[in-house]
Amino acid sequence: MKFAIAVFCAAHAPSSRRALLFARAALAGGHEIVRLFFYQDGVYSASNSVVVPQDEQDIARQWREFVSAHQLDSVVCIAAALRRGVLNEEEAMRYQRSAVNLDAPWELSGLGQLHDAAQAADRLICFGGP
Amino acid sequence: MSTLHVVSHSPFTDSRLDSCLRICGVNDAILLCGDGAYGLHNAALQTKGVKVFVLAEDMQARNLPLPDWADSVDYPGFVQLSLDYDKVNSWL
Amino acid sequence: MSKSLLVISRQAPWSGPGAREALDIVLAGGAFDLPIGLLFLDDGVFQLAPHQDAKAVQQKDLGANLQALGLFGIDEVFACHHSLAERGLTTPASAQPLDSAAISQLIDRYDQVITL
């Protein structure tokens with residue numbers, strides 16, 4: 001079956017880890033993830049500037065490694081990301097900001113990508129909150 | 001049609017589970033995860049008569065006993081539940 | 001045929017960008033001609049309260065976005081009757097009130113749901 005997975009929370013929220021473990025289990029079960037979409041505070045789950053203490057789980061890094069390893073289509077909502085200071089090189093340059101905290105494998109795009117994924121999937125699953 | 005409602009907020013500080021129970025259909029189920037697992041202590045959940053699941057790791061982390069009116073699932077079980085029901089409504 | 005999506009908006013308009021971002025999902029779906037419904041539930045019904053003054057807290061008026069729903073082809077707009085009554089709000093002109101059983105049927109009718 002085909003899943004679209006939308007994440008609405010930062011990497012430090014338990015629900016971000018839950019989304020990651022769900023996604024891993026979906027792939028392990030032979031299912032397909034048509035797209036991961038990061039919206040609202042979910043854009044922080046894609047930030048590469050997260051630093052966690054050594055004895056804690058680095059969920060942002062695990063997301064990045066998971067997406068890269070499986071070459072998943074992973075979209076970060078551009079409007080939500082700009083508002084929260086999650087910028088790739090192009091946007092940092094456009095708005096003259098000094099920090100770049102988003103790069104491959106993430107792609108910045110619009111909400112149309114959420115709808116597109118929902119249309120292509122058998123199930124849309126959202127994760128957010130605590 | 002059936003819906004799997006996913007609730008991750010504690011029912012003791014938040015109204016999501018109350019609202020969910022109010023609009024829950026007879027064929028629906030509720031999956032408690034995160035602090036939503038504290039819903040196992042919520043009497044309203046039992047009396048509603050809707051099917052209740054809890055994410056095993058969250059129950060274990062909180063040292064909550066599994067009541068006979070609920071079932072626990074691991075992540076593969078969560079994936080399967082999301083397919084067993086027609087749609088998933090996460091109360092974000 | 002396109003899959004239908006029901007967005008359930010549960011946040012007051014003054015609690016950060018949440019309410020606006022929920023509405024943006026609805027408007028984006030409308031822009032792509034997708035069958036989208038919108039239900040205001042819990043504090044979300046405060047978005048429908050009359051005579052709110054966004055300028056008082058230097059915010060943009062969400063009402064303008066709500067009025068755009070029709071232009072984007074979104075005419076399935078509902079409000080939870082229980083949530084309205086609980087908050088002392090009268091039935092708004094812009095949303096059809098539904099009781100709990102009707103909301104249950106509404107969710108059944110849609111292919112997918114996002115509750116924000």
# chains A, B, ... in the order shown; residues from 1 in each chain; ligands from 1
$ select_by_dssp --residues "region 22-95 of chain A" --states "helix (DSSP H, G or I)" --output "MDAnalysis selection string"
chainID A and resid 22:28 40:46 59:69 78:83 89:94
$ interface_residues --of "chain A" --to "chain C" --cutoff "8 Å" --atoms "only C-alpha atoms" --output "PyMOL selection string"
chain A and resi 40+111-112+115+118-119+123-124+126
$ interface_residues --of "chain A" --to "chain B" --cutoff "9 Å" --atoms "only C-alpha atoms" --output "PyMOL selection string"
chain A and resi 1+8+14-15+18+21-26+28-29+122-130
$ write_last_selection --atoms "N, CA and C atoms" --output "PDB file, in the first residue's frame"
ATOM      1  N   MET A   1       0.843  -1.196   0.000  1.00  0.00           N
ATOM      2  CA  MET A   1       0.000   0.000   0.000  1.00  0.00           C
ATOM      3  C   MET A   1       0.876   1.243   0.000  1.00  0.00           C
ATOM      4  N   PHE A   8       4.078  17.329  11.615  1.00  0.00           N
ATOM      5  CA  PHE A   8       3.703  18.685  12.042  1.00  0.00           C
ATOM      6  C   PHE A   8       4.445  19.117  13.309  1.00  0.00           C
ATOM      7  N   PRO A  14       8.011  13.992  20.867  1.00  0.00           N
ATOM      8  CA  PRO A  14       7.915  12.534  20.747  1.00  0.00           C
ATOM      9  C   PRO A  14       7.218  12.093  19.457  1.00  0.00           C
ATOM     10  N   SER A  15       6.299  12.920  18.962  1.00  0.00           N
ATOM     11  CA  SER A  15       5.555  12.519  17.764  1.00  0.00           C
ATOM     12  C   SER A  15       6.420  12.509  16.498  1.00  0.00           C
ATOM     13  N   ARG A  18       7.885   9.165  16.611  1.00  0.00           N
ATOM     14  CA  ARG A  18       6.811   8.224  16.312  1.00  0.00           C
ATOM     15  C   ARG A  18       6.582   8.140  14.795  1.00  0.00           C
ATOM     16  N   LEU A  21       9.434   6.132  13.283  1.00  0.00           N
ATOM     17  CA  LEU A  21       9.316   4.690  13.511  1.00  0.00           C
ATOM     18  C   LEU A  21       8.164   4.088  12.708  1.00  0.00           C
ATOM     19  N   PHE A  22       7.097   4.875  12.534  1.00  0.00           N
ATOM     20  CA  PHE A  22       5.988   4.418  11.689  1.00  0.00           C
ATOM     21  C   PHE A  22       6.478   4.259  10.248  1.00  0.00           C
ATOM     22  N   ALA A  23       7.223   5.256   9.779  1.00  0.00           N
ATOM     23  CA  ALA A  23       7.718   5.234   8.397  1.00  0.00           C
ATOM     24  C   ALA A  23       8.638   4.034   8.178  1.00  0.00           C
ATOM     25  N   ARG A  24       9.535   3.792   9.141  1.00  0.00           N
ATOM     26  CA  ARG A  24      10.431   2.630   9.037  1.00  0.00           C
ATOM     27  C   ARG A  24       9.625   1.331   8.982  1.00  0.00           C
ATOM     28  N   ALA A  25       8.607   1.251   9.868  1.00  0.00           N
ATOM     29  CA  ALA A  25       7.798   0.021   9.929  1.00  0.00           C
ATOM     30  C   ALA A  25       7.007  -0.172   8.635  1.00  0.00           C
ATOM     31  N   ALA A  26       6.563   0.949   8.047  1.00  0.00           N
ATOM     32  CA  ALA A  26       5.804   0.857   6.795  1.00  0.00           C
ATOM     33  C   ALA A  26       6.688   0.271   5.691  1.00  0.00           C
ATOM     34  N   ALA A  28       9.462  -1.471   6.115  1.00  0.00           N
ATOM     35  CA  ALA A  28       9.833  -2.848   6.494  1.00  0.00           C
ATOM     36  C   ALA A  28       8.701  -3.823   6.183  1.00  0.00           C
ATOM     37  N   GLY A  29       7.463  -3.319   6.222  1.00  0.00           N
ATOM     38  CA  GLY A  29       6.308  -4.159   5.937  1.00  0.00           C
ATOM     39  C   GLY A  29       6.024  -4.283   4.446  1.00  0.00           C
ATOM     40  N   ASP A 122      -2.715   5.628  -0.634  1.00  0.00           N
ATOM     41  CA  ASP A 122      -3.888   4.927  -0.104  1.00  0.00           C
ATOM     42  C   ASP A 122      -4.247   5.457   1.275  1.00  0.00           C
ATOM     43  N   ARG A 123      -3.230   5.923   2.014  1.00  0.00           N
ATOM     44  CA  ARG A 123      -3.474   6.472   3.348  1.00  0.00           C
ATOM     45  C   ARG A 123      -2.630   7.723   3.558  1.00  0.00           C
ATOM     46  N   LEU A 124      -3.271   8.741   4.125  1.00  0.00           N
ATOM     47  CA  LEU A 124      -2.553   9.931   4.576  1.00  0.00           C
ATOM     48  C   LEU A 124      -2.465   9.835   6.098  1.00  0.00           C
ATOM     49  N   ILE A 125      -1.255   9.839   6.628  1.00  0.00           N
ATOM     50  CA  ILE A 125      -1.074   9.723   8.081  1.00  0.00           C
ATOM     51  C   ILE A 125      -0.331  10.955   8.583  1.00  0.00           C
ATOM     52  N   CYS A 126      -0.918  11.630   9.572  1.00  0.00           N
ATOM     53  CA  CYS A 126      -0.311  12.854  10.116  1.00  0.00           C
ATOM     54  C   CYS A 126       0.224  12.599  11.530  1.00  0.00           C
ATOM     55  N   PHE A 127       1.372  13.195  11.808  1.00  0.00           N
ATOM     56  CA  PHE A 127       1.962  13.102  13.149  1.00  0.00           C
ATOM     57  C   PHE A 127       2.251  14.500  13.660  1.00  0.00           C
ATOM     58  N   GLY A 128       1.888  14.751  14.909  1.00  0.00           N
ATOM     59  CA  GLY A 128       2.168  16.056  15.488  1.00  0.00           C
ATOM     60  C   GLY A 128       1.764  16.071  16.948  1.00  0.00           C
ATOM     61  N   GLY A 129       1.887  17.212  17.578  1.00  0.00           N
ATOM     62  CA  GLY A 129       1.559  17.324  18.999  1.00  0.00           C
ATOM     63  C   GLY A 129       2.622  16.629  19.833  1.00  0.00           C
ATOM     64  N   PRO A 130       2.281  16.242  21.067  1.00  0.00           N
ATOM     65  CA  PRO A 130       3.289  15.620  21.929  1.00  0.00           C
ATOM     66  C   PRO A 130       3.537  14.155  21.551  1.00  0.00           C
TER      67      PRO A 130
END
$ closest_atom_pairs --of "chain C" --to "chain B" --cutoff "12 Å" --atoms "only C-alpha atoms" --output "CSV"
residue,atom,partner,partner_atom,distance
C:Lys3,CA,B:Lys87,CA,11.7
C:Ser4,CA,B:Lys87,CA,11.5
C:Leu5,CA,B:Lys87,CA,10.6
C:Leu6,CA,B:Asn89,CA,9.9
C:Val7,CA,B:Asn89,CA,10.0
C:Ile8,CA,B:Trp91,CA,9.2
C:Ser9,CA,B:Leu92,CA,10.2
C:Arg10,CA,B:Leu92,CA,9.3
C:Gln11,CA,B:Leu92,CA,10.7
C:Gly18,CA,B:Leu92,CA,10.8
C:Ala22,CA,B:Leu92,CA,11.3
C:Leu41,CA,B:Ser19,CA,8.5
C:Asp42,CA,B:Ser19,CA,7.6
C:Asp43,CA,B:Ser15,CA,10.2
C:Cys80,CA,B:Ile23,CA,9.8
C:His81,CA,B:Ile23,CA,11.6
C:His82,CA,B:Arg22,CA,9.5
C:Ser83,CA,B:Ser19,CA,9.2
C:Leu98,CA,B:Ile23,CA,10.6
C:Asp99,CA,B:Ile23,CA,8.7
C:Ser100,CA,B:Ile23,CA,5.0
C:Ala101,CA,B:Ile23,CA,6.4
C:Ala102,CA,B:Ile23,CA,8.3
C:Ile103,CA,B:Ile23,CA,6.1
C:Ser104,CA,B:Ile23,CA,5.1
C:Gln105,CA,B:Gly25,CA,7.8
C:Leu106,CA,B:Ile23,CA,9.8
C:Ile107,CA,B:Thr3,CA,8.1
C:Asp108,CA,B:Met1,CA,5.5
C:Arg109,CA,B:Met1,CA,7.8
C:Tyr110,CA,B:Lys87,CA,8.9
C:Asp111,CA,B:Lys87,CA,6.8
C:Gln112,CA,B:Lys87,CA,5.9
C:Val113,CA,B:Asn89,CA,5.5
C:Ile114,CA,B:Asn89,CA,6.3
C:Thr115,CA,B:Trp91,CA,5.4
C:Leu116,CA,B:Leu92,CA,5.3
$ closest_residue --among "A:Leu20, A:Ala13, A:Leu108, A:Ala69" --to "Tyr39 (chain A)" --atoms "only C-alpha atoms"
A:Leu108
$ closest_residue --among "A:Ala117, A:Ala92, A:Leu27, A:Leu102" --to "Tyr44 (chain A)" --atoms "only C-alpha atoms"
A:Leu102
$ closest_residue --among "C:Val77, C:Leu69, C:Leu48, C:Val57" --to "Pro92 (chain C)" --atoms "only C-alpha atoms"
C:Leu48
$ select_by_dssp --residues "chain B" --states "strand (DSSP E or B)" --output "JSON, numbers by chain"
{"B": [3, 4, 5, 6, 7, 29, 30, 31, 32, 51, 52, 53, 54, 55, 70, 71, 72, 73, 87, 88, 89, 90, 91]}
$ atom_distance --atom1 "CA of Leu89 (chain C)" --atom2 "CA of His51 (chain C)"
12.3 Å
$ residues_around --residues "Leu64 (chain B)" --least-positions-apart "2" --cutoff "10 Å" --atoms "only C-alpha atoms" --output "PyMOL selection string"
chain B and resi 37-38+40-41+56+58-62+66-67
$ write_last_selection --atoms "all heavy atoms" --output "tab-separated table (two decimals), in the first residue's frame"
chain	number	residue	atom	x	y	z
B	37	ALA	N	-1.74	7.85	26.06
B	37	ALA	CA	-1.82	6.54	26.72
B	37	ALA	C	-2.43	6.66	28.12
B	37	ALA	O	-3.02	5.70	28.63
B	37	ALA	CB	-0.44	5.90	26.80
B	38	TYR	N	-2.29	7.84	28.74
B	38	TYR	CA	-2.93	8.04	30.05
B	38	TYR	C	-4.44	7.92	29.95
B	38	TYR	O	-5.13	7.81	30.97
B	38	TYR	CB	-2.53	9.40	30.65
B	38	TYR	CG	-1.10	9.46	31.11
B	38	TYR	CD1	-0.21	10.40	30.58
B	38	TYR	CD2	-0.61	8.57	32.06
B	38	TYR	CE1	1.12	10.46	31.01
B	38	TYR	CE2	0.71	8.61	32.49
B	38	TYR	CZ	1.57	9.56	31.96
B	38	TYR	OH	2.87	9.59	32.36
B	40	LEU	N	-5.91	5.45	29.20
B	40	LEU	CA	-6.28	4.14	29.76
B	40	LEU	C	-6.87	4.28	31.15
B	40	LEU	O	-7.56	3.39	31.64
B	40	LEU	CB	-5.06	3.21	29.80
B	40	LEU	CG	-4.51	2.75	28.45
B	40	LEU	CD1	-3.26	1.90	28.64
B	40	LEU	CD2	-5.55	1.95	27.66
B	41	HIS	N	-6.59	5.41	31.81
B	41	HIS	CA	-7.16	5.68	33.13
B	41	HIS	C	-8.47	6.47	33.04
B	41	HIS	O	-9.02	6.86	34.04
B	41	HIS	CB	-6.17	6.50	33.98
B	41	HIS	CG	-5.02	5.72	34.49
B	41	HIS	ND1	-5.15	4.50	35.11
B	41	HIS	CD2	-3.68	5.99	34.47
B	41	HIS	CE1	-3.96	4.04	35.45
B	41	HIS	NE2	-3.04	4.92	35.07
B	56	ALA	N	2.28	0.17	22.38
B	56	ALA	CA	2.90	-0.61	23.46
B	56	ALA	C	4.03	0.13	24.15
B	56	ALA	O	4.13	0.13	25.38
B	56	ALA	CB	3.39	-1.96	22.91
B	58	ASP	N	4.57	3.25	24.59
B	58	ASP	CA	4.13	4.36	25.45
B	58	ASP	C	3.50	3.86	26.74
B	58	ASP	O	3.61	4.49	27.79
B	58	ASP	CB	3.16	5.27	24.68
B	58	ASP	CG	3.89	6.08	23.62
B	58	ASP	OD1	4.98	6.59	23.91
B	58	ASP	OD2	3.38	6.18	22.49
B	59	MET	N	2.84	2.71	26.64
B	59	MET	CA	2.25	2.09	27.82
B	59	MET	C	3.36	1.60	28.76
B	59	MET	O	3.33	1.83	29.96
B	59	MET	CB	1.39	0.91	27.35
B	59	MET	CG	0.44	0.37	28.35
B	59	MET	SD	-0.50	-0.99	27.64
B	59	MET	CE	0.80	-2.17	27.29
B	60	GLN	N	4.37	0.98	28.13
B	60	GLN	CA	5.51	0.45	28.90
B	60	GLN	C	6.29	1.58	29.57
B	60	GLN	O	6.62	1.52	30.75
B	60	GLN	CB	6.41	-0.33	27.95
B	60	GLN	CG	7.49	-1.13	28.65
B	60	GLN	CD	8.47	-1.74	27.63
B	60	GLN	OE1	8.13	-1.92	26.46
B	60	GLN	NE2	9.67	-2.04	28.09
B	61	ALA	N	6.56	2.65	28.80
B	61	ALA	CA	7.33	3.78	29.33
B	61	ALA	C	6.64	4.37	30.56
B	61	ALA	O	7.31	4.81	31.49
B	61	ALA	CB	7.50	4.84	28.25
B	62	ARG	N	5.31	4.37	30.55
B	62	ARG	CA	4.55	5.01	31.63
B	62	ARG	C	4.11	4.04	32.71
B	62	ARG	O	3.37	4.43	33.62
B	62	ARG	CB	3.33	5.73	31.02
B	62	ARG	CG	3.71	6.97	30.24
B	62	ARG	CD	2.60	7.45	29.32
B	62	ARG	NE	3.03	8.62	28.57
B	62	ARG	CZ	3.85	8.58	27.51
B	62	ARG	NH1	4.31	7.40	27.09
B	62	ARG	NH2	4.22	9.68	26.88
B	66	LEU	N	-2.35	-2.87	31.01
B	66	LEU	CA	-3.28	-2.94	29.87
B	66	LEU	C	-4.63	-3.47	30.36
B	66	LEU	O	-4.73	-4.61	30.82
B	66	LEU	CB	-2.72	-3.88	28.80
B	66	LEU	CG	-3.55	-4.00	27.52
B	66	LEU	CD1	-3.59	-2.69	26.75
B	66	LEU	CD2	-3.01	-5.12	26.63
B	67	PRO	N	-5.67	-2.64	30.29
B	67	PRO	CA	-6.99	-3.13	30.74
B	67	PRO	C	-7.55	-4.14	29.74
B	67	PRO	O	-7.12	-4.18	28.59
B	67	PRO	CB	-7.84	-1.86	30.76
B	67	PRO	CG	-7.13	-0.85	29.95
B	67	PRO	CD	-5.71	-1.27	29.78
$ decode --residues "region 65-76 of chain C" --atoms "N, CA, C and O atoms" --output "PDB file, in the first residue's frame"
ATOM      1  N   ASN C  65      -9.364  35.620   4.686  1.00  0.00           N
ATOM      2  CA  ASN C  65      -9.085  34.288   4.130  1.00  0.00           C
ATOM      3  C   ASN C  65     -10.334  33.417   4.150  1.00  0.00           C
ATOM      4  O   ASN C  65     -10.582  32.640   3.234  1.00  0.00           O
ATOM      5  N   LEU C  66     -11.122  33.566   5.234  1.00  0.00           N
ATOM      6  CA  LEU C  66     -12.357  32.777   5.327  1.00  0.00           C
ATOM      7  C   LEU C  66     -13.322  33.159   4.210  1.00  0.00           C
ATOM      8  O   LEU C  66     -13.996  32.316   3.636  1.00  0.00           O
ATOM      9  N   GLN C  67     -13.352  34.468   3.915  1.00  0.00           N
ATOM     10  CA  GLN C  67     -14.239  34.921   2.842  1.00  0.00           C
ATOM     11  C   GLN C  67     -13.780  34.435   1.475  1.00  0.00           C
ATOM     12  O   GLN C  67     -14.559  34.351   0.539  1.00  0.00           O
ATOM     13  N   ALA C  68     -12.493  34.116   1.373  1.00  0.00           N
ATOM     14  CA  ALA C  68     -11.951  33.646   0.091  1.00  0.00           C
ATOM     15  C   ALA C  68     -12.348  32.203  -0.208  1.00  0.00           C
ATOM     16  O   ALA C  68     -12.186  31.729  -1.329  1.00  0.00           O
ATOM     17  N   LEU C  69     -12.890  31.487   0.805  1.00  0.00           N
ATOM     18  CA  LEU C  69     -13.211  30.068   0.617  1.00  0.00           C
ATOM     19  C   LEU C  69     -14.102  29.847  -0.605  1.00  0.00           C
ATOM     20  O   LEU C  69     -13.845  28.962  -1.416  1.00  0.00           O
ATOM     21  N   GLY C  70     -15.129  30.678  -0.722  1.00  0.00           N
ATOM     22  CA  GLY C  70     -16.060  30.550  -1.838  1.00  0.00           C
ATOM     23  C   GLY C  70     -15.369  30.731  -3.179  1.00  0.00           C
ATOM     24  O   GLY C  70     -15.618  29.989  -4.137  1.00  0.00           O
ATOM     25  N   LEU C  71     -14.474  31.711  -3.235  1.00  0.00           N
ATOM     26  CA  LEU C  71     -13.739  31.992  -4.475  1.00  0.00           C
ATOM     27  C   LEU C  71     -12.870  30.806  -4.886  1.00  0.00           C
ATOM     28  O   LEU C  71     -12.580  30.603  -6.055  1.00  0.00           O
ATOM     29  N   PHE C  72     -12.441  30.030  -3.870  1.00  0.00           N
ATOM     30  CA  PHE C  72     -11.611  28.863  -4.159  1.00  0.00           C
ATOM     31  C   PHE C  72     -12.459  27.596  -4.338  1.00  0.00           C
ATOM     32  O   PHE C  72     -11.934  26.490  -4.359  1.00  0.00           O
ATOM     33  N   GLY C  73     -13.755  27.789  -4.439  1.00  0.00           N
ATOM     34  CA  GLY C  73     -14.643  26.649  -4.688  1.00  0.00           C
ATOM     35  C   GLY C  73     -14.898  25.778  -3.474  1.00  0.00           C
ATOM     36  O   GLY C  73     -15.329  24.639  -3.586  1.00  0.00           O
ATOM     37  N   ILE C  74     -14.610  26.316  -2.286  1.00  0.00           N
ATOM     38  CA  ILE C  74     -14.862  25.550  -1.054  1.00  0.00           C
ATOM     39  C   ILE C  74     -16.238  25.944  -0.521  1.00  0.00           C
ATOM     40  O   ILE C  74     -16.408  27.023   0.044  1.00  0.00           O
ATOM     41  N   ASP C  75     -17.246  25.092  -0.734  1.00  0.00           N
ATOM     42  CA  ASP C  75     -18.550  25.456  -0.178  1.00  0.00           C
ATOM     43  C   ASP C  75     -19.027  24.478   0.889  1.00  0.00           C
ATOM     44  O   ASP C  75     -20.099  24.634   1.444  1.00  0.00           O
ATOM     45  N   GLU C  76     -18.217  23.492   1.178  1.00  0.00           N
ATOM     46  CA  GLU C  76     -18.548  22.585   2.282  1.00  0.00           C
ATOM     47  C   GLU C  76     -17.866  23.104   3.540  1.00  0.00           C
ATOM     48  O   GLU C  76     -16.738  22.727   3.862  1.00  0.00           O
TER      49      GLU C  76
END
